$ cat work27.cif   # mmCIF, C-alpha atoms and all ligand atoms
data_query
loop_
_atom_site.label_atom_id
_atom_site.label_comp_id
_atom_site.auth_asym_id
_atom_site.auth_seq_id
_atom_site.Cartn_x
_atom_site.Cartn_y
_atom_site.Cartn_z
CA MET H 1493 22.03 -34.98 20.10
CA ASP H 1494 24.13 -33.91 17.10
CA ARG H 1495 22.25 -31.78 14.64
CA PRO H 1496 23.22 -31.93 10.95
CA ARG H 1497 25.45 -29.04 9.96
CA ILE H 1498 24.28 -26.84 7.08
CA THR H 1499 27.06 -25.29 5.03
CA ILE H 1500 26.39 -21.61 4.43
CA PHE H 1501 27.68 -20.64 0.99
CA ASP H 1502 27.67 -16.88 0.62
CA THR H 1503 27.46 -15.55 -2.92
CA THR H 1504 27.05 -11.85 -2.11
CA LEU H 1505 30.31 -11.12 -3.89
CA ARG H 1506 29.28 -13.01 -7.03
CA ASP H 1507 25.52 -13.41 -7.59
CA GLY H 1508 24.81 -10.53 -5.21
CA GLU H 1509 27.21 -8.26 -6.97
CA GLN H 1510 25.36 -8.96 -10.22
CA SER H 1511 22.35 -7.01 -8.94
CA PRO H 1512 21.88 -3.50 -10.34
CA GLY H 1513 23.75 -0.88 -8.37
CA CYS H 1514 25.62 -3.40 -6.22
CA SER H 1515 28.96 -3.63 -7.97
CA MET H 1516 32.00 -3.34 -5.72
CA ASN H 1517 35.65 -2.64 -6.33
CA VAL H 1518 38.44 -4.92 -5.19
CA GLN H 1519 39.02 -3.09 -1.93
CA GLU H 1520 35.32 -3.13 -1.09
CA LYS H 1521 35.05 -6.82 -1.89
CA LEU H 1522 37.98 -7.56 0.36
CA ARG H 1523 36.39 -5.60 3.20
CA LEU H 1524 33.11 -7.45 2.81
CA ALA H 1525 34.88 -10.82 2.60
CA GLN H 1526 36.57 -10.07 5.92
CA GLN H 1527 33.19 -9.30 7.43
CA LEU H 1528 31.76 -12.54 5.98
CA ASP H 1529 34.61 -14.34 7.70
CA ARG H 1530 33.62 -12.77 11.03
CA LEU H 1531 30.03 -13.75 10.30
CA GLY H 1532 31.14 -17.38 10.12
CA VAL H 1533 30.08 -18.34 6.59
CA ASP H 1534 31.58 -21.62 5.39
CA VAL H 1535 32.11 -20.71 1.73
CA ILE H 1536 32.66 -17.33 0.10
CA GLU H 1537 32.01 -17.23 -3.62
CA ALA H 1538 34.41 -14.41 -4.26
CA GLY H 1539 33.69 -13.76 -7.93
CA PHE H 1540 33.60 -14.91 -11.54
CA PRO H 1541 37.28 -14.56 -12.46
CA ILE H 1542 36.90 -14.78 -16.26
CA ALA H 1543 34.31 -11.96 -16.20
CA SER H 1544 36.77 -9.11 -15.58
CA ASP H 1545 40.25 -8.33 -14.34
CA GLY H 1546 38.66 -6.76 -11.27
CA ASP H 1547 36.84 -9.98 -10.44
CA PHE H 1548 40.01 -11.98 -10.99
CA GLU H 1549 41.98 -9.69 -8.68
CA ALA H 1550 39.26 -9.73 -6.05
CA VAL H 1551 39.27 -13.54 -5.93
CA GLN H 1552 43.06 -13.49 -5.76
CA ARG H 1553 43.20 -10.93 -2.93
CA ILE H 1554 40.45 -12.61 -0.94
CA SER H 1555 42.13 -16.00 -1.39
CA ALA H 1556 45.36 -14.59 -0.02
CA SER H 1557 43.88 -12.89 3.01
CA VAL H 1558 40.75 -14.75 4.12
CA ARG H 1559 41.99 -18.12 5.26
CA ARG H 1560 39.28 -19.89 7.24
CA PRO H 1561 36.36 -20.28 4.79
CA ILE H 1562 36.47 -22.09 1.46
CA ILE H 1563 36.93 -19.57 -1.36
CA ALA H 1564 35.04 -20.40 -4.55
CA GLY H 1565 35.50 -19.01 -8.04
CA LEU H 1566 32.76 -19.40 -10.65
CA ALA H 1567 33.40 -20.74 -14.14
CA ARG H 1568 31.31 -21.65 -17.15
CA ALA H 1569 31.75 -25.22 -18.31
CA CYS H 1570 34.74 -24.54 -20.52
CA LYS H 1571 38.48 -24.85 -20.16
CA GLY H 1572 39.31 -21.12 -20.40
CA ASP H 1573 36.95 -20.20 -17.58
CA ILE H 1574 38.04 -23.05 -15.36
CA ASP H 1575 41.75 -22.33 -15.83
CA ARG H 1576 41.23 -18.64 -15.06
CA ALA H 1577 39.24 -19.48 -11.95
CA TRP H 1578 41.92 -21.88 -10.79
CA GLU H 1579 44.64 -19.30 -11.39
CA SER H 1580 42.80 -16.76 -9.24
CA LEU H 1581 42.43 -19.31 -6.45
CA GLN H 1582 46.13 -20.20 -6.27
CA GLY H 1583 46.70 -18.50 -2.94
CA ALA H 1584 43.59 -19.91 -1.27
CA ALA H 1585 43.92 -22.14 1.77
CA ARG H 1586 40.76 -24.00 0.73
CA PRO H 1587 39.92 -23.41 -2.95
CA ARG H 1588 36.79 -24.53 -4.78
CA ILE H 1589 36.00 -24.36 -8.48
CA HIS H 1590 32.30 -23.85 -9.17
CA VAL H 1591 31.33 -24.92 -12.68
CA PHE H 1592 27.91 -24.25 -14.16
CA LEU H 1593 26.07 -25.19 -17.33
CA ALA H 1594 22.40 -24.71 -18.15
CA THR H 1595 20.38 -27.91 -18.54
CA SER H 1596 16.80 -26.82 -19.24
CA ASP H 1597 15.49 -27.21 -22.77
CA ILE H 1598 14.72 -23.48 -22.91
CA HIS H 1599 18.36 -22.61 -22.20
CA LEU H 1600 19.76 -25.38 -24.40
CA LYS H 1601 17.61 -24.37 -27.35
CA TYR H 1602 17.65 -20.58 -27.18
CA LYS H 1603 20.78 -19.67 -25.27
CA LEU H 1604 23.38 -22.37 -25.78
CA ARG H 1605 22.02 -23.92 -28.97
CA ILE H 1606 23.23 -27.36 -28.06
CA SER H 1607 21.50 -30.72 -27.67
CA ARG H 1608 20.99 -32.57 -24.39
CA GLU H 1609 23.73 -35.02 -25.41
CA GLN H 1610 26.18 -32.17 -26.01
CA CYS H 1611 25.19 -30.64 -22.70
CA LEU H 1612 25.83 -33.90 -20.84
CA GLU H 1613 29.19 -34.32 -22.52
CA GLN H 1614 30.26 -30.72 -21.88
CA ALA H 1615 29.28 -30.87 -18.22
CA CYS H 1616 31.28 -34.06 -17.63
CA GLU H 1617 34.31 -32.81 -19.51
CA ALA H 1618 34.29 -29.54 -17.57
CA VAL H 1619 33.98 -31.27 -14.21
CA ARG H 1620 36.76 -33.71 -15.11
CA HIS H 1621 39.02 -30.81 -16.04
CA ALA H 1622 38.20 -28.86 -12.87
CA LYS H 1623 38.82 -32.01 -10.82
CA SER H 1624 42.24 -32.43 -12.40
CA LEU H 1625 43.12 -29.05 -10.85
CA CYS H 1626 41.19 -28.91 -7.61
CA ALA H 1627 39.82 -31.55 -5.24
CA ASP H 1628 36.79 -29.45 -4.35
CA VAL H 1629 34.50 -29.07 -7.36
CA GLU H 1630 30.92 -27.84 -7.36
CA PHE H 1631 28.63 -28.29 -10.33
CA SER H 1632 25.43 -26.30 -10.98
CA PRO H 1633 22.93 -27.31 -13.65
CA GLU H 1634 21.65 -23.80 -14.32
CA ASP H 1635 17.84 -23.52 -14.50
CA ALA H 1636 17.61 -26.92 -12.82
CA THR H 1637 14.03 -26.38 -11.68
CA ARG H 1638 12.84 -26.00 -15.28
CA THR H 1639 14.90 -28.94 -16.49
CA GLU H 1640 13.10 -32.17 -17.30
CA VAL H 1641 13.61 -34.22 -14.14
CA SER H 1642 14.93 -37.41 -15.77
CA PHE H 1643 17.52 -35.40 -17.71
CA LEU H 1644 18.48 -33.50 -14.58
CA CYS H 1645 19.03 -36.84 -12.77
CA GLN H 1646 21.16 -38.02 -15.68
CA VAL H 1647 23.35 -34.90 -15.61
CA VAL H 1648 23.74 -34.98 -11.83
CA GLU H 1649 24.70 -38.66 -11.86
CA ALA H 1650 27.23 -38.05 -14.62
CA VAL H 1651 28.94 -35.08 -12.96
CA ILE H 1652 29.21 -36.99 -9.68
CA ALA H 1653 30.93 -39.80 -11.58
CA ALA H 1654 33.19 -37.16 -13.16
CA GLY H 1655 34.31 -35.93 -9.74
CA ALA H 1656 31.92 -33.23 -8.48
CA THR H 1657 31.84 -33.05 -4.69
CA THR H 1658 28.91 -30.63 -4.37
CA VAL H 1659 25.88 -30.59 -6.63
CA ASN H 1660 23.95 -27.34 -6.54
CA ILE H 1661 20.33 -27.18 -7.73
CA PRO H 1662 19.57 -23.63 -8.86
CA ASP H 1663 16.09 -22.26 -9.11
CA THR H 1664 17.65 -19.75 -11.46
CA VAL H 1665 14.48 -17.85 -12.32
CA GLY H 1666 12.73 -18.17 -8.96
CA TYR H 1667 9.93 -20.25 -10.45
CA SER H 1668 9.60 -23.07 -7.93
CA MET H 1669 7.13 -23.50 -5.12
CA PRO H 1670 8.46 -24.83 -1.80
CA GLU H 1671 6.87 -28.28 -1.95
CA GLU H 1672 7.96 -28.62 -5.57
CA TYR H 1673 11.54 -27.67 -4.80
CA GLY H 1674 11.62 -30.01 -1.81
CA GLN H 1675 10.22 -32.80 -3.97
CA LEU H 1676 12.95 -32.20 -6.56
CA ILE H 1677 15.67 -32.65 -3.93
CA ARG H 1678 13.92 -35.78 -2.69
CA THR H 1679 13.74 -37.22 -6.22
CA LEU H 1680 17.45 -36.59 -6.78
CA ARG H 1681 18.23 -38.38 -3.53
CA GLU H 1682 16.06 -41.30 -4.53
CA LYS H 1683 17.06 -41.67 -8.16
CA VAL H 1684 20.68 -40.57 -8.60
CA ALA H 1685 23.40 -43.16 -8.10
CA GLY H 1686 26.23 -41.84 -5.95
CA ILE H 1687 24.26 -38.87 -4.60
CA GLU H 1688 25.04 -39.90 -1.04
CA LYS H 1689 28.73 -39.18 -1.70
CA VAL H 1690 28.16 -35.49 -2.46
CA THR H 1691 26.70 -32.45 -0.77
CA ILE H 1692 23.41 -31.31 -2.27
CA SER H 1693 23.08 -27.53 -2.34
CA THR H 1694 20.20 -25.09 -2.79
CA HIS H 1695 20.44 -21.88 -4.80
CA CYS H 1696 17.09 -20.11 -4.96
CA HIS H 1697 16.15 -16.82 -6.53
CA ASN H 1698 13.40 -14.64 -5.18
CA ASP H 1699 11.27 -13.74 -8.20
CA LEU H 1700 8.12 -14.94 -6.44
CA GLY H 1701 9.36 -14.06 -2.97
CA LEU H 1702 9.95 -17.73 -2.15
CA ALA H 1703 13.73 -18.03 -2.16
CA VAL H 1704 14.05 -18.58 1.58
CA ALA H 1705 11.02 -20.90 1.76
CA ASN H 1706 12.36 -22.95 -1.15
CA SER H 1707 15.83 -23.19 0.38
CA LEU H 1708 14.37 -24.39 3.69
CA ALA H 1709 12.21 -26.92 1.84
CA GLY H 1710 15.37 -28.20 0.16
CA VAL H 1711 17.13 -28.52 3.50
CA GLN H 1712 14.22 -30.50 4.91
CA GLU H 1713 14.63 -32.95 2.05
CA GLY H 1714 18.34 -33.44 2.58
CA ALA H 1715 20.20 -30.51 1.04
CA ARG H 1716 23.15 -29.67 3.29
CA GLN H 1717 24.44 -26.49 1.69
CA VAL H 1718 22.47 -23.29 1.20
CA GLU H 1719 23.59 -20.58 -1.20
CA CYS H 1720 22.47 -17.14 -0.13
CA THR H 1721 23.42 -13.48 0.10
CA ILE H 1722 23.48 -10.69 2.65
CA ASN H 1723 20.26 -8.66 2.49
CA GLY H 1724 19.09 -11.11 -0.18
CA ILE H 1725 20.74 -9.12 -2.96
CA GLY H 1726 21.24 -10.79 -6.33
CA GLU H 1727 20.02 -11.00 -9.92
CA ARG H 1728 16.57 -9.40 -10.41
CA ALA H 1729 14.59 -9.95 -7.19
CA GLY H 1730 17.66 -11.37 -5.49
CA ASN H 1731 18.79 -14.58 -3.84
CA ALA H 1732 17.74 -16.26 -0.62
CA SER H 1733 18.65 -13.96 2.22
CA LEU H 1734 21.40 -15.31 4.46
CA GLU H 1735 20.11 -13.63 7.60
CA GLU H 1736 16.61 -15.01 7.10
CA ILE H 1737 17.86 -18.55 6.50
CA ALA H 1738 20.16 -18.43 9.52
CA MET H 1739 17.56 -16.99 11.88
CA ALA H 1740 14.73 -19.22 10.63
CA MET H 1741 16.88 -22.18 11.56
CA ARG H 1742 17.78 -20.69 14.91
CA VAL H 1743 14.40 -19.38 15.98
CA ARG H 1744 12.52 -22.45 14.69
CA ARG H 1745 14.95 -25.15 15.75
CA ASP H 1746 11.91 -27.27 16.49
CA ARG H 1747 11.14 -27.48 12.75
CA TYR H 1748 14.69 -27.09 11.42
CA PRO H 1749 16.96 -29.05 13.74
CA TYR H 1750 20.19 -28.02 12.03
CA GLU H 1751 23.34 -26.15 12.96
CA THR H 1752 25.14 -23.45 11.04
CA GLY H 1753 28.43 -21.74 11.82
CA ILE H 1754 26.81 -18.31 11.62
CA VAL H 1755 27.67 -15.90 14.42
CA SER H 1756 24.23 -14.32 14.53
CA GLU H 1757 25.45 -11.16 16.30
CA GLN H 1758 27.36 -10.36 13.11
CA LEU H 1759 24.24 -10.36 10.91
CA TYR H 1760 23.32 -6.73 11.38
CA PRO H 1761 26.94 -5.49 11.09
CA SER H 1762 27.26 -7.51 7.85
CA SER H 1763 24.06 -6.05 6.46
CA GLN H 1764 25.16 -2.53 7.36
CA THR H 1765 28.63 -3.04 5.89
CA LEU H 1766 27.11 -4.16 2.58
CA ALA H 1767 24.64 -1.27 2.52
CA GLU H 1768 27.42 1.18 3.29
CA ILE H 1769 29.71 -0.19 0.58
CA THR H 1770 27.07 -0.40 -2.16
CA ARG H 1771 25.08 2.61 -0.97
CA VAL H 1772 21.99 0.50 -1.53
CA PRO H 1773 19.91 0.94 1.60
CA VAL H 1774 18.21 -2.00 3.27
CA GLN H 1775 14.44 -1.86 2.82
CA PRO H 1776 13.03 -0.68 6.16
CA ASN H 1777 10.80 -3.70 6.68
CA LYS H 1778 13.45 -6.24 5.64
CA ALA H 1779 13.27 -9.21 8.01
CA ILE H 1780 16.11 -9.37 10.56
CA THR H 1781 18.17 -6.43 9.28
CA GLY H 1782 15.70 -3.71 8.23
CA ARG H 1783 15.54 -0.66 10.49
CA ASN H 1784 11.93 -1.50 11.38
CA ALA H 1785 12.60 -5.17 12.11
CA PHE H 1786 12.69 -4.45 15.84
CA ALA H 1787 10.82 -1.15 15.93
CA HIS H 1788 7.46 -0.95 17.63
CA GLU H 1789 5.21 2.00 17.10
CA ALA H 1790 1.70 0.82 17.88
CA GLY H 1791 0.80 1.59 21.48
CA ILE H 1792 -0.43 -1.88 22.31
CA HIS H 1793 2.79 -3.35 20.94
CA GLN H 1794 4.99 -0.87 22.77
CA ASP H 1795 3.19 -1.58 25.99
CA GLY H 1796 3.61 -5.32 25.49
CA ILE H 1797 7.29 -5.02 24.60
CA LEU H 1798 7.98 -2.93 27.68
CA LYS H 1799 6.22 -5.45 29.89
CA ASN H 1800 7.88 -8.41 28.26
CA PRO H 1801 9.63 -8.43 24.87
CA LEU H 1802 8.36 -11.94 24.26
CA THR H 1803 4.96 -10.42 23.54
CA TYR H 1804 6.03 -9.08 20.15
CA GLU H 1805 9.60 -10.19 19.51
CA ILE H 1806 10.51 -13.73 18.46
CA MET H 1807 14.23 -13.02 18.79
CA THR H 1808 16.14 -10.33 20.61
CA PRO H 1809 17.64 -7.48 18.59
CA GLN H 1810 20.92 -8.19 20.37
CA SER H 1811 20.96 -11.77 19.04
CA VAL H 1812 21.33 -10.43 15.49
CA GLY H 1813 23.60 -7.57 16.44
CA VAL H 1814 21.01 -4.76 16.50
CA PRO H 1815 22.03 -2.60 19.47
CA ASP H 1816 18.58 -2.21 20.94
CA SER H 1817 14.91 -2.47 20.19
CA ARG H 1818 13.81 1.01 19.22
CA LEU H 1819 10.44 2.30 20.26
CA VAL H 1820 9.43 4.72 17.55
CA LEU H 1821 7.33 7.55 18.87
CA GLY H 1822 4.65 8.31 16.36
CA LYS H 1823 0.94 8.81 16.22
CA HIS H 1824 0.21 5.22 17.16
CA SER H 1825 2.33 5.30 20.26
CA GLY H 1826 0.85 5.04 23.70
CA ARG H 1827 1.49 6.51 27.12
CA HIS H 1828 3.65 3.67 28.28
CA ALA H 1829 6.28 4.22 25.58
CA LEU H 1830 6.00 7.99 25.93
CA ALA H 1831 6.51 7.77 29.69
CA LEU H 1832 9.59 5.64 29.25
CA ARG H 1833 11.14 7.96 26.68
CA CYS H 1834 10.42 11.00 28.89
CA GLU H 1835 12.06 9.18 31.76
CA GLN H 1836 15.08 8.36 29.61
CA LEU H 1837 15.28 12.04 28.76
CA GLY H 1838 15.35 12.87 32.44
CA HIS H 1839 11.71 13.80 32.90
CA PRO H 1840 9.82 11.21 34.88
CA PHE H 1841 6.10 11.94 35.07
CA GLU H 1842 3.24 10.79 37.22
CA ARG H 1843 0.40 9.31 35.25
CA ARG H 1844 -1.74 12.44 35.54
CA GLU H 1845 1.10 14.77 34.62
CA LEU H 1846 1.82 12.61 31.66
CA ASP H 1847 -1.71 13.09 30.40
CA GLU H 1848 -0.94 16.67 29.47
CA VAL H 1849 2.29 15.71 27.73
CA TYR H 1850 0.44 12.94 25.96
CA ARG H 1851 -2.33 15.26 24.75
CA LYS H 1852 0.18 17.56 23.10
CA PHE H 1853 2.23 14.64 21.86
CA VAL H 1854 -0.77 13.19 20.01
CA VAL H 1855 -1.38 16.50 18.23
CA LEU H 1856 2.27 16.77 17.27
CA ALA H 1857 2.54 13.15 16.17
CA ASP H 1858 -0.44 13.64 13.96
CA ARG H 1859 1.50 16.28 12.09
CA ILE H 1860 4.95 14.73 11.83
CA LYS H 1861 5.70 11.10 11.20
CA LYS H 1862 8.27 10.50 13.88
CA VAL H 1863 8.56 12.43 17.11
CA GLN H 1864 12.25 12.82 17.83
CA ASP H 1865 13.79 13.42 21.21
CA CYS H 1866 14.40 17.08 20.43
CA HIS H 1867 10.70 17.53 19.67
CA LEU H 1868 9.74 15.80 22.85
CA LEU H 1869 12.11 17.88 24.96
CA GLU H 1870 10.61 21.05 23.61
CA LEU H 1871 7.14 19.75 24.26
CA ILE H 1872 8.02 18.75 27.83
CA GLN H 1873 9.53 22.14 28.45
CA ASP H 1874 6.41 23.81 27.23
CA VAL H 1875 4.14 21.72 29.41
CA LYS H 1876 6.31 22.49 32.43
CA THR H 1877 6.34 26.21 31.71
CA ALA H 1878 2.62 26.28 31.09
CA ALA H 1879 2.00 24.47 34.33
CA LYS H 1880 3.78 27.28 36.21
CA LYS H 1881 1.64 30.06 34.82
CA ILE H 1882 -1.85 29.89 33.50
CA PRO H 1883 -1.65 31.54 30.10
CA PRO H 1884 -4.19 34.14 29.08
CA ALA H 1885 -6.89 32.83 26.77
CA GLY H 1886 -5.69 32.51 23.14
CA ALA H 1887 -2.00 33.01 23.98
CA ALA H 1888 0.30 31.18 21.57
CA LEU H 1889 2.87 28.70 22.85
CA PRO H 1890 6.54 29.26 21.92
CA PHE H 1891 6.62 26.69 19.16
CA ALA H 1892 3.24 27.82 17.97
CA ARG H 1893 4.81 31.22 17.44
CA ALA H 1894 7.50 29.62 15.30
CA ALA H 1895 4.81 27.87 13.28
CA ALA H 1896 3.02 31.12 12.80
CA ALA H 1897 6.32 32.47 11.44
CA GLY H 1898 5.64 30.16 8.53
CA SER H 1899 8.35 27.51 8.08
CA ALA H 1900 7.36 24.13 6.73
CA SER H 1901 10.53 22.25 7.58
CA GLU H 1902 10.24 19.27 9.85
CA SER H 1903 12.03 21.06 12.66
CA HIS H 1904 9.40 23.72 12.49
CA LEU H 1905 6.66 21.21 12.31
CA LEU H 1906 7.46 20.50 15.87
CA SER H 1907 6.18 23.99 16.43
CA PHE H 1908 2.85 22.40 16.13
CA PRO H 1909 -0.28 23.25 17.94
CA ALA H 1910 -1.00 26.65 16.86
CA PRO H 1911 -3.80 28.40 18.61
CA ALA H 1912 -6.19 25.50 18.31
CA PRO H 1913 -7.50 24.23 21.61
CA ALA H 1914 -5.86 21.01 22.75
CA PRO H 1915 -7.96 18.09 21.55
CA ARG H 1916 -9.59 16.00 24.16
CA VAL H 1917 -7.75 12.72 24.61
CA PRO H 1918 -10.43 10.16 23.91
CA VAL H 1919 -9.45 7.86 26.73
CA THR H 1920 -8.27 9.54 29.90
CA LEU H 1921 -6.82 7.65 32.78
CA GLY H 1922 -9.77 8.47 34.94
CA GLU H 1923 -11.97 6.54 32.55
CA HIS H 1924 -9.98 3.35 32.89
CA HIS H 1925 -10.91 0.55 35.20
CA GLY H 1926 -8.90 -2.40 36.41
CA GLU H 1927 -7.44 -4.62 33.70
CA GLN H 1928 -9.04 -2.55 31.01
CA GLU H 1929 -7.04 0.41 32.23
CA GLU H 1930 -3.84 -1.60 32.06
CA TYR H 1931 -4.67 -2.65 28.52
CA LEU H 1932 -5.63 0.79 27.31
CA TRP H 1933 -2.52 2.26 28.91
CA GLY H 1934 -0.69 1.12 25.84
CA VAL H 1935 -3.10 2.71 23.40
O1 LIG H 2001 21.12 -18.72 -10.54
C1 LIG H 2001 21.95 -19.49 -11.04
O2 LIG H 2001 21.62 -20.45 -11.76
C2 LIG H 2001 23.35 -19.22 -10.78
C3 LIG H 2001 24.33 -20.27 -11.17
C4 LIG H 2001 25.54 -19.69 -11.79
C5 LIG H 2001 24.67 -21.10 -9.96
O3 LIG H 2001 23.68 -18.22 -10.20
ZN ZN H 2002 21.97 -17.35 -9.13
#

$ encode --input "work27.cif" --output "structure tokens"
Amino acid sequence: MDRPRITIFDTTLRDGEQSPGCSMNVQEKLRLAQQLDRLGVDVIEAGFPIASDGDFEAVQRISASVRRPIIAGLARACKGDIDRAWESLQGAARPRIHVFLATSDIHLKYKLRISREQCLEQACEAVRHAKSLCADVEFSPEDATRTEVSFLCQVVEAVIAAGATTVNIPDTVGYSMPEEYGQLIRTLREKVAGIEKVTISTHCHNDLGLAVANSLAGVQEGARQVECTINGIGERAGNASLEEIAMAMRVRRDRYPYETGIVSEQLYPSSQTLAEITRVPVQPNKAITGRNAFAHEAGIHQDGILKNPLTYEIMTPQSVGVPDSRLVLGKHSGRHALALRCEQLGHPFERRELDEVYRKFVVLADRIKKVQDCHLLELIQDVKTAAKKIPPAGAALPFARAAAAGSASESHLLSFPAPAPAPRVPVTLGEHHGEQEEYLWGV
């Protein structure tokens, strides 16, 4: 059965670039655009050409070298902006002019200082002009979700008659709730004459953390284009995150039976490329692309993952381009994960042998957040040496001596258990029974 195709409109280079600290130069924009092409996005909004010469040049360069996706240039609803956008798109294989004009009373009154009638007229005139230059014209009524619905319907109907081929419904200030946003798309589909001839698009900001949920609600009500950004960057709290939209639709095909052209294995590389270019790191717990998105530290989780990844992973790291699921060794880790890492380091242990390693590991992990391989190797070495000779009472271990020497750096923290007696591991293997033992093995 054919699933409806959702157009992925990436605005990382325009709305995303507007977020603090995320500006990019022409070369960087070109590099990211090439990565977006590999990622399989359908539309790249390459910039706002009237805004600066750099933006103009970036749109020009991207148009000339990225040939598969549609390249869009943003313009306010006035001739100067539209002409500049069109000029920058001259070399594009598939150009689009994206015109926007605010429609909410708040914006009309305080920002634009025009009446609704003037707004309607300006929107139509701008779309007509853009259409005289380019067949593919998108119109966005800025602050659509705070626009009186009957006026919004009027504007949308008028711009479709004027030649718009995509109508985008921005939740500019991230104010909408999912059911409300979905309802708005439904109302437009029910009330606007000619709406079936155009693509309805979502453009949701994340001020209340609902950008992805709102976009998906819009899709469920018939929107067929989603505007989003890599890592969810964008004005203020950002835009809907591309990777979350794409993977929500893939992982939950049962609820979102749609197709996108996204090559999911390119999601992580795209996220990393953006972070590298902007030097804005991805938040560790960011869904899909954060460094913890596939990390498992809790013992029970690690145990489950090692037995079958389905226990705690709803998608494979490989499917989004993350090389491997990383088991982080920390104070919540269990024997199962520790045994595997020791084995990977070339030190396979029997369960009882591992107990000793584990006892020392727990003490160390309590002191440092993350036990690295180098720490573990030193610890293993110490256990092996100690096993060969029974040390005299109170003798310090090698790394304990380093600790006593007084450094506080993390590498010295591995020189943990000073003279203190090894703590008793609360649950030893001998105390396990049957299934309970198997369960606690991960703890
Ligand atoms: O958030 C917004 O309203 C926008 C428009 C320019 C589409 O970014
Ligand atoms: Zn926006």

$ residues_near_ligand --input "work27.cif" --ligand "ligand ZN 2002 (chain H)" --cutoff "12 Å" --atoms "only C-alpha atoms and all ligand atoms" --output "PyMOL selection string"
chain H and resi 1502-1511+1537+1566+1592+1594+1632-1636+1660-1666+1694-1699+1703+1718-1721+1724-1732

$ atom_distance --input "work27.cif" --atom1 "CA of Lys1571 in chain H" --atom2 "CA of Arg1608 in chain H"
19.6 Å

$ residues_around --input "work27.cif" --residues "Gly1813 in chain H" --least-positions-apart "5" --cutoff "8 Å" --atoms "all atoms listed in the file" --output "NGL selection string"
:H and (1756-1761)

$ write_last_selection --input "work27.cif" --atoms "C-alpha atoms" --output "mmCIF file, keeping the file's coordinate frame"
data_model
loop_
_atom_site.group_PDB
_atom_site.id
_atom_site.type_symbol
_atom_site.label_atom_id
_atom_site.label_comp_id
_atom_site.auth_asym_id
_atom_site.auth_seq_id
_atom_site.Cartn_x
_atom_site.Cartn_y
_atom_site.Cartn_z
ATOM 1 C CA SER H 1756 24.230 -14.320 14.530
ATOM 2 C CA GLU H 1757 25.450 -11.160 16.300
ATOM 3 C CA GLN H 1758 27.360 -10.360 13.110
ATOM 4 C CA LEU H 1759 24.240 -10.360 10.910
ATOM 5 C CA TYR H 1760 23.320 -6.730 11.380
ATOM 6 C CA PRO H 1761 26.940 -5.490 11.090
#

$ axis_aligned_box --input "work27.cif" --around "range 1524-1530 of chain H" --padding-each-side "5 Å" --output "lines of an AutoDock Vina configuration file"
center_x = 34.2
center_y = -10.9
center_z = 6.8
size_x = 14.8
size_y = 16.9
size_z = 18.4

$ residues_around --input "work27.cif" --residues "Leu1830 in chain H" --least-positions-apart "3" --cutoff "9 Å" --atoms "all atoms listed in the file" --output "PyMOL selection string"
chain H and resi 1821+1825-1827+1833-1835+1846+1849-1850+1853

$ atom_distance --input "work27.cif" --atom1 "CA of Glu1671 in chain H" --atom2 "CA of Gly1714 in chain H"
13.4 Å

$ closest_residue --input "work27.cif" --among "H:Ala1569, H:Cys1866, H:Cys1645, H:Leu1612" --to "ligand LIG 2001 (chain H)" --atoms "only C-alpha atoms and all ligand atoms"
H:Ala1569

$ atom_distance --input "work27.cif" --atom1 "CA of Glu1789 in chain H" --atom2 "CA of Lys1823 in chain H"
8.1 Å

$ closest_residue --input "work27.cif" --among "H:His1621, H:Arg1497, H:Arg1530, H:Arg1638" --to "ligand LIG 2001 (chain H)" --atoms "all atoms listed in the file"
H:Arg1638

$ residues_around --input "work27.cif" --residues "Val1659 in chain H" --least-positions-apart "6" --cutoff "10 Å" --atoms "all atoms listed in the file" --output "PDB file with C-alpha atoms, in the frame of the given file"
ATOM      1  CA  HIS H1590      32.300 -23.850  -9.170  1.00  0.00           C
ATOM      2  CA  VAL H1591      31.330 -24.920 -12.680  1.00  0.00           C
ATOM      3  CA  VAL H1629      34.500 -29.070  -7.360  1.00  0.00           C
ATOM      4  CA  GLU H1630      30.920 -27.840  -7.360  1.00  0.00           C
ATOM      5  CA  PHE H1631      28.630 -28.290 -10.330  1.00  0.00           C
ATOM      6  CA  SER H1632      25.430 -26.300 -10.980  1.00  0.00           C
ATOM      7  CA  PRO H1633      22.930 -27.310 -13.650  1.00  0.00           C
ATOM      8  CA  VAL H1648      23.740 -34.980 -11.830  1.00  0.00           C
ATOM      9  CA  GLU H1649      24.700 -38.660 -11.860  1.00  0.00           C
ATOM     10  CA  VAL H1651      28.940 -35.080 -12.960  1.00  0.00           C
ATOM     11  CA  ILE H1652      29.210 -36.990  -9.680  1.00  0.00           C
ATOM     12  CA  ILE H1687      24.260 -38.870  -4.600  1.00  0.00           C
ATOM     13  CA  VAL H1690      28.160 -35.490  -2.460  1.00  0.00           C
ATOM     14  CA  THR H1691      26.700 -32.450  -0.770  1.00  0.00           C
ATOM     15  CA  ILE H1692      23.410 -31.310  -2.270  1.00  0.00           C
ATOM     16  CA  SER H1693      23.080 -27.530  -2.340  1.00  0.00           C
ATOM     17  CA  THR H1694      20.200 -25.090  -2.790  1.00  0.00           C
ATOM     18  CA  ALA H1715      20.200 -30.510   1.040  1.00  0.00           C
ATOM     19  CA  GLN H1717      24.440 -26.490   1.690  1.00  0.00           C
TER      20      GLN H1717
END

$ closest_residue --input "work27.cif" --among "H:Ile1737, H:Ala1654, H:Cys1611, H:Ala1709" --to "Ser1596 in chain H" --atoms "only C-alpha atoms"
H:Cys1611
